[in-house]
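> Take this structure first; my questions come after.
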Amino acid sequence: MIYFDNAATSFPKPPEVAEAMARFLAEDAANPGRGGHRMAVRAERLLDDVRLKLARLVNGRDPQRLIFTLNCTDALNIAIKGVLDGGPAHVVTTVLEHNSVSRPLQAMADTGRIELTRVGCDADGFVDPDEIRRALRKDTRLVAMTHASNVLGTVQDAGAVGAIVREHGALFLLDAAQSVGVVPIDVEAMNVDLVAFPGHKALLGPTGTGALYVGERCPPPAAGGTGFAPWREGGTGGDSSSPTQPPVLPHFLEGGTPNTVGIAGLGAALDVVAAKGSDAMLAHERRVLETVIARLAADPRFTIYGPHDVARRVGALSIGVAGLDPNDAAAILDDAFGIATRPGLHCAPYCHRAIGSFPAGTLRISPGPFTTDDDVSALLDALDQVAEAGM
Ligand SMILES: Cc1ncc(COP(=O)(O)O)c(C=O)c1O
């Protein structure tokens with residue numbers, strides 16, 4: 001399989017990931033913190049170690065504020081439901097959001113718990129920070145924005161939005177699903193209060209991993225509904241006598257047995273990413289996109305969505321093939337050429353409406369750090385033949 005679906009989850013995973021998971025399962029797979037025995041302590045140490053690495057990755061000052069989650073969706077839900085628990089509020093978001101932001105917010109708006117303003121984007125897929133400024137109200141509690149669109153790969157000016165939101169006094173939640181690991185994230189410099197990200201995309205870890213960093217301006221943990229509310233309550237491996245979730249991070253937001261095996265794999269993946277270098281990984285993805293865009297832009301059978309300038313993108317490119325439904329194009333690529341891409345709406349219907357590709361969507365091509373020149377040539381040759389099917 002020639003894999004161009006890294007925006008969904010990266011593949012292949014570095015061999016170090018599977019090795020670390022197998023080693024952990026064989027040697028240390030106790031429930032961390034739940035017992036004082038040596039294996040439990042080793043498992044707890046693994047969590048501490050990876051927690052610290054992830055907090056450093058986003059320049060979070062306090063590793064105890066780094067919460068392990070099951071994926072980015074989990075992290076976003078914990079953030080959104082956690083900070084919006086304290087009564088009616090206004091929330092600003094954008095048309096670029098993935099359903100893991102849009103759906104919880106829309107559900108809260110539909111039930112009258114929040115008022116929601118959805119800010120648009122320009123024709124290339126960029127949100128103007130001044131549009132966010134204009135959308136802010138006195139009662140705005142949260143601004144939730146994606147760092148990089150999973151449809152277009154467009155990298156948003158999160159620092160400019162963060163400065164505006166901070167000046168206003170609201171909280172800023174950044175969905176870093178498509179940027180973490182390749183685009184620098186600094187919660188201090190960018191005025192980000194909450195950043196949610198998966199471990200299984202550009203961080204190269206296994207599925208079932210993700211994280212949320214909870215900044216110091218967020219309300220303190222509170223089970224009673226007046227602070228940061230936990231959306232999952234249960235065992236924490238610590239204070240079992242407390243009748244409700246003990247209000248101490250990270251355990252307050254981490255009820256239940258964590259995915260220690262996955263976190264062991266993520267720890268190994270983070271070392272691989274550090275050795276490769278995020279800058280080099282991003283430069284590689286951009287080089288691939290540049291080659292693909294140069295070829296397809298010169299061919300009238302293809303439509304390129306978003307900017308042709310790859311310096312404004314991470315490694316995700318949406319295209320259209322004249323006369324072909326994206327699902328059919330992807331099926332031909334898969335069946336006839338063994339090439340994996342992703343067609344449709346990519347869980348981001350408002351984005352597709354904004355760029356004019358709703359309801360059929362687009363064909364998304366997303367390279368990763370292991371994409372080779374041969375992969376790119378095979379893709380371009382295959383697309384040439386696929387486009388014939390649309391004629
Ligand atoms: C922008 C964006 N946000 C959130 C998510 C959800 O991530 P996960 O699949 O880890 O839940 C994705 C997944 O593709 C995404 O692209």
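Just remember, in the structure tokens the first chain shown is A, the second B, etc., residues are 1-based per chain, and ligands are 1-based in the order shown.
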Could you list, as an MDAnalysis selection string, all protein and nucleic acid residues with an atom at most 9 Å from ligand 1, counting only C-alpha atoms and all ligand atoms?
chainID A and resid 7:9 70:76 96:101 146:151 175:179 196:201 207:210 346:348
> Could those selected residues go to a file with C-alpha atoms, as a short mmCIF file (atom, residue, chain, number, x, y, z; two decimals), in the first residue's frame?

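Result saved to out.cif:
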```cif
data_model
loop_
_atom_site.label_atom_id
_atom_site.label_comp_id
_atom_site.auth_asym_id
_atom_site.auth_seq_id
_atom_site.Cartn_x
_atom_site.Cartn_y
_atom_site.Cartn_z
CA ALA A 7 -3.73 13.36 8.10
CA ALA A 8 -6.06 10.61 9.38
CA THR A 9 -3.28 8.76 11.18
CA LEU A 70 -7.57 8.67 24.03
CA ASN A 71 -7.23 10.84 20.91
CA CYS A 72 -7.68 14.48 19.95
CA THR A 73 -11.47 14.23 20.04
CA ASP A 74 -11.33 13.13 23.66
CA ALA A 75 -9.01 16.03 24.53
CA LEU A 76 -11.28 18.55 22.77
CA LEU A 96 -12.51 25.26 9.47
CA GLU A 97 -13.23 23.07 12.50
CA HIS A 98 -13.32 19.31 12.57
CA ASN A 99 -16.54 17.76 13.87
CA SER A 100 -14.77 17.04 17.15
CA VAL A 101 -15.02 20.78 17.83
CA THR A 146 -7.99 24.68 14.60
CA HIS A 147 -4.29 25.37 14.12
CA ALA A 148 -4.17 23.72 10.68
CA SER A 149 -7.16 22.72 8.57
CA ASN A 150 -7.41 18.98 8.05
CA VAL A 151 -9.05 19.61 4.64
CA ASP A 175 -6.98 22.16 18.10
CA ALA A 176 -3.48 21.11 17.11
CA ALA A 177 -4.47 17.79 15.51
CA GLN A 178 -2.78 18.59 12.21
CA SER A 179 0.04 20.77 13.46
CA ALA A 196 -5.59 19.45 22.31
CA PHE A 197 -3.62 17.06 20.13
CA PRO A 198 -3.43 13.41 19.06
CA GLY A 199 -0.41 11.20 19.58
CA HIS A 200 -1.14 9.18 16.45
CA LYS A 201 -0.70 11.67 13.60
CA THR A 207 -3.87 5.16 17.86
CA GLY A 208 -5.53 5.48 21.26
CA THR A 209 -3.19 8.28 22.34
CA GLY A 210 -3.64 12.03 22.66
CA HIS A 346 -13.17 14.76 6.21
CA CYS A 347 -15.43 15.40 9.24
CA ALA A 348 -15.33 19.12 8.36
#
```
> Extract the full set of strand (DSSP E or B) residues from stretch 137-326 of chain A according to DSSP on the backbone, and format it as a PyMOL selection string.
chain A and resi 140-146+148+154-155+171-175+194-198+210-214+221+228+302-304+313+317-321
> Dump as a tab-separated table the rows for residues of stretch 227-345 of chain A within 6 Å of stretch 77-86 of chain A: closest atom pair and distance in Å with one decimal, only C-alpha atoms counted, ordered by chain and rising residue number.

```
residue	atom	partner	partner_atom	distance
A:Phe228	CA	A:Gly82	CA	4.8
A:Ala229	CA	A:Gly82	CA	4.5
A:Pro230	CA	A:Gly82	CA	5.9
```
> Just want the 12 Å neighbourhood of A:Asp325, counted on only C-alpha atoms, with same-chain residues fewer than 3 positions away dropped. Output as a PyMOL selection string.
chain A and resi 319-322+328-332+343-345+357-363+386-387+389-390
> Measuring between only C-alpha atoms, which one of A:Arg65, A:Leu266, A:Glu19, A:Pro369 shows the shortest distance to A:Pro220?
A:Arg65
